[in-house]
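Asker: This is the structure, below, for whatever I ask next.
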Protein chains: 4
Amino acid sequence: MRTARRAQIIEAAIDTIAAEGLARASFARIARTAGLSSTGLISYHFAGKQELMDEVVRLVAAEFAAFVEERRDAEAGPAAELRAFIAANVEFASKHRTRLLAALDVARAERKPAFQVDLPGLAGLLRAGQRHGEFRFFDVDVMAIAVQSVLDGVLNRLAADQDADLGAYTEELATLFELATCG
Amino acid sequence: MRTARRAQIIEAAIDTIAAEGLARASFARIARTAGLSSTGLISYHFAGKQELMDEVVRLVAAEFAAFVEERRDAEAGPAAELRAFIAANVEFASKHRTRLLAALDVARAERKPAFQVDLPGLAGLLRAGQRHGEFRFFDVDVMAIAVQSVLDGVLNRLAADQDADLGAYTEELATLFELATCG
Amino acid sequence: MRTARRAQIIEAAIDTIAAEGLARASFARIARTAGLSSTGLISYHFAGKQELMDEVVRLVAAEFAAFVEERRDAEAGPAAELRAFIAANVEFASKHRTRLLAALDVARAERKPAFQVDLPGLAGLLRAGQRHGEFRFFDVDVMAIAVQSVLDGVLNRLAADQDADLGAYTEELATLFELATCG
Amino acid sequence: MRTARRAQIIEAAIDTIAAEGLARASFARIARTAGLSSTGLISYHFAGKQELMDEVVRLVAAEFAAFVEERRDAEAGPAAELRAFIAANVEFASKHRTRLLAALDVARAERKPAFQVDLPGLAGLLRAGQRHGEFRFFDVDVMAIAVQSVLDGVLNRLAADQDADLGAYTEELATLFELATCG
DNA sequence: CATGAATGAGGATTCATTCAT
DNA sequence: CATGAATGAATCCTCATTCAT
């Protein structure tokens with residue numbers, strides 16, 4: 001099936017980027033990772049390298065969004081939801097380090113904010129908290145960027161130090177933003 | 001003079017990376033930017049592409065550190081100092097977007113934390129605040145990463161949207177971390 | 001077919017080395033000789049220049065060994081066999097000057113004895129002759145080197161003077177070593 | 001003095017060729033070996049790389065010829081003189097391995113018989129031996145090439161195995177050619 | 001669909017040589 | 001004389017992409 005091959009190649013691209021870095025993720029190396037005998041197959045299934053890279057970002061962003069969405073509990077109130085959001089982020093970053101790392105590499109190289117899709121949701125959550133009176137009045141966009149950035153930074157730390165204490169990060173960050181938002 | 005040419009080439013590298021992206025910052029393009037007649041001249045002045053890239057990061061990191069250092073006021077107390085640190089960061093990012101962007105591109109591609117040199121200083125500041133009783137007890141390393149990451153995120157935003165309101169960012173972030181640290 | 005192209009490139013390499021010298025046998029010139037449209041094709045078929053050069057030596061050494069082997073007559077006795085060996089060498093050098101010249105160029109540049117593979121066989125022949133009592137007692141290794149070197153020298157002469165009298169060389173050398181070995 | 005600098009550069013060229021191989025003996029490396037701070041100086045003192053290489057061969061060939069000449073004893077008779085010639089050759093090769101190796105590398109790359117200058121002298125010696133009746137009638141040119149080639153081969157062996165037994169080689173080769181010439 | 005050969009542009013780097021100082 | 005900067009051609013090699021089979 002067309003879709004299966006595409007998926008296989010995307011996976012190989014992710015693995016290659018994570019293992020060797022974006023700069024060394026050539027079609028040749030991706031094909032080798034995928035066990036394909038020709039780079040021609042990649043060109044056949046993707047319009048160009050750009051499309052393959054776009055798909056890498058798109059796939060991981062979708063997985064990420066789904067993962068986070070699953071762990072939301074809209075009825076728990078904004079503060080609890082923010083904590084859940086942070087926990088879900090750290091958990092995803094920890095469980096799918098490779099995928100996230102690859103997607104961020106690509107997104108950064110293209111100078112696009114990694115998972116733009118996510119930001120509106122996060123901003124909405126923050127705005128809701130302000131309406132409920134649970135959050136103080138801050139610039140929602142700046143706070144959203146802040147949350148996003150900090151989670152990004154944690155991922156980088158996880159990339160460098162695989163044995164970092166996951167639970168500790170979650171607690172520290174949840175507290176940090178609890179204080180920062182609730183004033 | 002040796003130093004002048006090296007500096008010129010480093011500047012051209014910075015401009016090229018900022019304008020075209022790290023992936024497209026070849027010796028040919030850097031030489032063109034610098035107005036050199038040959039890529040050979042770059043190789044003459046630098047041991048290899050790696051050295052040139054290292055110098056880009058080193059130069060900007062040094063400028064950045066000096067800029068921030070100048071704006072410190074050690075006698076103002078940790079909280080005020082943290083605020084000054086954040087302000088200096090945002091100001092540098094705003095005034096030297098191009099340079100910072102280029103340096104971060106390189107540092108990220110090498111999967112090295114961008115300006116690692118800075119982190120110890122920041123961590124020291126945070127620890128001092130805790131000793132003074134001005135800051136609550138948080139994990140200093142996580143908080144340092146958080147500050148760093150958020151400033152990183154701001155830079156990215158600045159890269160995308162050149163007209164962002166600088167003062168607003170500074171105020172928002174200063175408040176954010178004031179709350180987060182003082183508890 | 002993979003093998004055919006490789007063979008074609010090896011042949012082109014041999015011709016180029018023989019015609020222009022090893023130092024000028026670049027991929028570009030080899031590709032031109034072979035009628036290829038790109039040096040990239042050479043890189044596609046060989047892991048690197050080293051591999052191509054190794055194959056040049058390996059191919060010619062194999063042809064040479066086969067040629068000599070065919071002309072051996074183990075039942076004729078060591079003295080006659082040595083003569084046959086010398087004759088085969090001169091004949092090969094004469095008939096395949098180009099190939100031998102190229103292979104020796106490469107082997108020499110790498111400071112490896114040209115056809116090391118051959119030496120053991122030659123040494124064996126000499127030792128057999130000593131056991132049979134047909135040869136006097138000399139240092140087998142030195143004599144092997146001597147035979148090899150003289151044949152090398154003849155090739156060089158043949159390279160410079162294409163019209164040299166083949167038969168005369170064979171006779172002279174056969175007599176020379178007959179006397180030298182039989183004492 | 002002009003001559004002194006030239007000599008210094010030639011020596012550096014010899015050392016570089018011997019140490020790194022002809023292919024890697026660039027002006028840059030030769031200048032480094034010589035302790036010069038610019039390759040420009042080499043170009044100033046030599047019309048081109050060709051001239052420098054020619055001088056390497058010329059110098060060593062002259063030293064070699066002088067060395068051999070000193071050890072000749074024209075009154076000892078052709079056979080003894082040939083033995084002395086061989087001994088002198090092996091001795092020179094052993095004492096000045098580096099220089100000889102470099103010169104031969106250059107000469108071979110240019111497909112010129114290494115020390116053509118020497119051959120006439122050797123041929124004369126052989127011819128004299130035939131006139132005296134001490135040598136049998138062989139083709140003088142072939143025998144001269146043979147002697148030369150064998151000594152070449154010995155040098156190569158010495159290059160690979162620095163601890164080879166010098167005296168043994170001399171004895172073996174002297175005997176070899178005594179038998180070969182006297183018949 | 002898949003293969004592997006082919007293409008040609010572009011990559012960093014090394015080279016001998018020139019020249020102003 | 002000596003220096004070191006500059007030049008531009010040439011080096012091997014990798015790349016994404018195309019195409020016949």
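Convention: chains lettered A, B, ... in structure tokens order; per-chain residue numbering from 1; ligands numbered from 1 as shown.
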Within 10 Å of chain F, which residues of chain C come that close, and what is the closest atom pair and distance in Å for each? Count only C-alpha atoms (C1' of nucleotides) and give it as JSON lines.
Answerer:
```
{"residue": "C:Ser26", "atom": "CA", "partner": "F:DT11", "partner_atom": "C1'", "distance": 7.8}
{"residue": "C:Phe27", "atom": "CA", "partner": "F:DC12", "partner_atom": "C1'", "distance": 7.7}
{"residue": "C:Ala28", "atom": "CA", "partner": "F:DT11", "partner_atom": "C1'", "distance": 9.4}
{"residue": "C:Thr39", "atom": "CA", "partner": "F:DC12", "partner_atom": "C1'", "distance": 9.1}
{"residue": "C:Gly40", "atom": "CA", "partner": "F:DC13", "partner_atom": "C1'", "distance": 7.7}
{"residue": "C:Ile42", "atom": "CA", "partner": "F:DC13", "partner_atom": "C1'", "distance": 10.0}
{"residue": "C:Ser43", "atom": "CA", "partner": "F:DC13", "partner_atom": "C1'", "distance": 7.0}
{"residue": "C:Tyr44", "atom": "CA", "partner": "F:DC13", "partner_atom": "C1'", "distance": 9.7}
{"residue": "C:Ala47", "atom": "CA", "partner": "F:DC13", "partner_atom": "C1'", "distance": 9.7}
{"residue": "C:Gly48", "atom": "CA", "partner": "F:DC12", "partner_atom": "C1'", "distance": 8.1}
{"residue": "C:Lys49", "atom": "CA", "partner": "F:DC12", "partner_atom": "C1'", "distance": 7.7}
```
Asker: Write the selection just made, keeping N, CA and C atoms, as a PDB file, in the first residue's frame?
Answerer:
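Below you can see part_31.pdb, which holds the result:
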```pdb
ATOM      1  N   SER C  26      43.141  11.883 -12.322  1.00  0.00           N
ATOM      2  CA  SER C  26      42.025  12.309 -11.468  1.00  0.00           C
ATOM      3  C   SER C  26      40.736  11.648 -11.925  1.00  0.00           C
ATOM      4  N   PHE C  27      39.723  11.696 -11.071  1.00  0.00           N
ATOM      5  CA  PHE C  27      38.418  11.159 -11.445  1.00  0.00           C
ATOM      6  C   PHE C  27      37.925  11.836 -12.720  1.00  0.00           C
ATOM      7  N   ALA C  28      38.164  13.119 -12.819  1.00  0.00           N
ATOM      8  CA  ALA C  28      37.703  13.854 -13.995  1.00  0.00           C
ATOM      9  C   ALA C  28      38.316  13.271 -15.267  1.00  0.00           C
ATOM     10  N   THR C  39      31.932  12.515 -12.802  1.00  0.00           N
ATOM     11  CA  THR C  39      32.814  11.787 -11.889  1.00  0.00           C
ATOM     12  C   THR C  39      31.981  11.117 -10.797  1.00  0.00           C
ATOM     13  N   GLY C  40      30.768  11.604 -10.632  1.00  0.00           N
ATOM     14  CA  GLY C  40      29.892  11.043  -9.613  1.00  0.00           C
ATOM     15  C   GLY C  40      29.658   9.557  -9.853  1.00  0.00           C
ATOM     16  N   ILE C  42      31.758   7.406 -10.919  1.00  0.00           N
ATOM     17  CA  ILE C  42      32.869   6.633 -10.360  1.00  0.00           C
ATOM     18  C   ILE C  42      32.662   6.465  -8.864  1.00  0.00           C
ATOM     19  N   SER C  43      32.304   7.557  -8.222  1.00  0.00           N
ATOM     20  CA  SER C  43      32.051   7.487  -6.784  1.00  0.00           C
ATOM     21  C   SER C  43      30.874   6.562  -6.480  1.00  0.00           C
ATOM     22  N   TYR C  44      29.944   6.492  -7.432  1.00  0.00           N
ATOM     23  CA  TYR C  44      28.800   5.600  -7.228  1.00  0.00           C
ATOM     24  C   TYR C  44      29.246   4.137  -7.241  1.00  0.00           C
ATOM     25  N   ALA C  47      33.858   2.868  -3.593  1.00  0.00           N
ATOM     26  CA  ALA C  47      33.712   3.521  -2.288  1.00  0.00           C
ATOM     27  C   ALA C  47      34.606   4.753  -2.174  1.00  0.00           C
ATOM     28  N   GLY C  48      35.643   4.792  -2.979  1.00  0.00           N
ATOM     29  CA  GLY C  48      36.553   5.934  -2.924  1.00  0.00           C
ATOM     30  C   GLY C  48      37.681   5.709  -3.907  1.00  0.00           C
ATOM     31  N   LYS C  49      38.535   6.685  -4.031  1.00  0.00           N
ATOM     32  CA  LYS C  49      39.616   6.549  -4.993  1.00  0.00           C
ATOM     33  C   LYS C  49      40.507   5.367  -4.621  1.00  0.00           C
TER      34      LYS C  49
END
```
Asker: Counting only C-alpha atoms (C1' of nucleotides), what is within 6 Å of Ser149 of chain B, bar same-chain residues fewer than 4 positions away, as a list in words?
Answerer: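 Residues near the query, excluding close chain neighbours: Ser149, Val150 and Gly153 of chain A; Ile145 of chain B.
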Asker: Quick one: which residues from chain C are at most 9 Å off chain E, using only C-alpha atoms (C1' of nucleotides), as a list in words?
Answerer: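 So the residues of chain C near chain E are Met1, Arg2, Ser37, Ser38, Gly40, Leu41 and Tyr44 of chain C.
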Asker: Wanna dump the chain B-chain A contacts at 9 Å for me, each residue with its shortest atom pair and the distance in Å to one decimal, counting only C-alpha atoms, ordered by chain and number, as a tab-separated table?
Answerer:
```
residue	atom	partner	partner_atom	distance
B:Gly21	CA	A:Ala109	CA	7.1
B:Leu22	CA	A:Ala109	CA	7.5
B:Ala23	CA	A:Ala23	CA	7.2
B:Asp105	CA	A:Ala109	CA	7.5
B:Arg108	CA	A:Asp105	CA	8.1
B:Ala109	CA	A:Gly21	CA	7.3
B:Glu110	CA	A:Gly21	CA	8.0
B:Arg111	CA	A:Ala160	CA	8.1
B:Lys112	CA	A:Ala160	CA	8.3
B:Pro113	CA	A:Asn156	CA	7.7
B:Phe138	CA	A:Glu172	CA	7.0
B:Asp139	CA	A:Glu172	CA	6.9
B:Val142	CA	A:Tyr169	CA	7.1
B:Met143	CA	A:Glu172	CA	8.1
B:Ile145	CA	A:Gly153	CA	6.4
B:Ala146	CA	A:Val150	CA	5.0
B:Val147	CA	A:Val150	CA	7.7
B:Gln148	CA	A:Gly153	CA	7.9
B:Ser149	CA	A:Val150	CA	5.1
B:Val150	CA	A:Ala146	CA	5.0
B:Leu151	CA	A:Ser149	CA	8.1
B:Asp152	CA	A:Ser149	CA	7.1
B:Gly153	CA	A:Ser149	CA	5.1
B:Val154	CA	A:Ile145	CA	7.4
B:Asn156	CA	A:Pro113	CA	7.5
B:Arg157	CA	A:Pro113	CA	8.1
B:Ala159	CA	A:Arg111	CA	8.3
B:Ala160	CA	A:Arg111	CA	7.9
B:Ala168	CA	A:Asp139	CA	8.6
B:Tyr169	CA	A:Val142	CA	7.0
B:Glu172	CA	A:Asp139	CA	6.8
B:Leu173	CA	A:Val142	CA	7.8
B:Thr175	CA	A:Ala180	CA	7.8
B:Leu176	CA	A:Ala180	CA	4.9
B:Phe177	CA	A:Ala180	CA	6.7
B:Glu178	CA	A:Ala180	CA	7.8
B:Leu179	CA	A:Ala180	CA	5.1
B:Ala180	CA	A:Leu176	CA	5.0
B:Thr181	CA	A:Leu176	CA	7.6
B:Cys182	CA	A:Leu179	CA	8.7
B:Gly183	CA	A:Leu179	CA	6.3
```
Asker: Residues near Ala65 of chain D, anyone? I mean within 10 Å using only C-alpha atoms (C1' of nucleotides), not counting same-chain ones fewer than 2 positions away, as JSON, numbers by chain.
Answerer: {"D": [59, 60, 61, 62, 63, 67, 68, 69, 70, 88, 89, 92, 115, 117, 118, 121]}
Asker: To one decimal in Å, tell me the separation between atom CA of Arg99 of chain B and atom CA of Arg99 of chain A.
Answerer: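 Distance reported for this atom pair: 29.3 Å.
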Asker: For atom CA of Leu36 of chain C and atom CA of Thr98 of chain C, determine how far apart the two atoms are, in Å to one decimal place.
Answerer: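 Rounded to one decimal, the two atoms are 21.0 Å apart.
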Asker: Mind pulling up the distance from atom CA of Leu126 of chain D to atom CA of Asp73 of chain D?
Answerer: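 If I compute the distance from atom CA of Asp73 of chain D to atom CA of Leu126 of chain D, I get 14.2 Å.
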Asker: Let me make sure I understand: among A:Met53, A:Ala79, A:Ala102, A:Ala31, which one has the smallest atom-to-atom distance to Arg136 of chain A if we use only C-alpha atoms?
Answerer: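 Ranked by minimum distance to Arg136 of chain A, first place goes to A:Ala79.
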Asker: Which residues in segment 30-161 of chain D does DSSP call alpha helix (DSSP H)? List them as a ChimeraX atom specification.
Answerer: /D:30-34,40-45,49-70,78-95,97-109,118-131,140-160
Asker: Residues within 9 Å of segment 32-35 of chain D, please, as a PyMOL selection string. Count only C-alpha atoms (C1' of nucleotides); anything in the same chain fewer than 6 positions from it doesn't count.
Answerer: chain D and resi 8-9+11-13+15-16
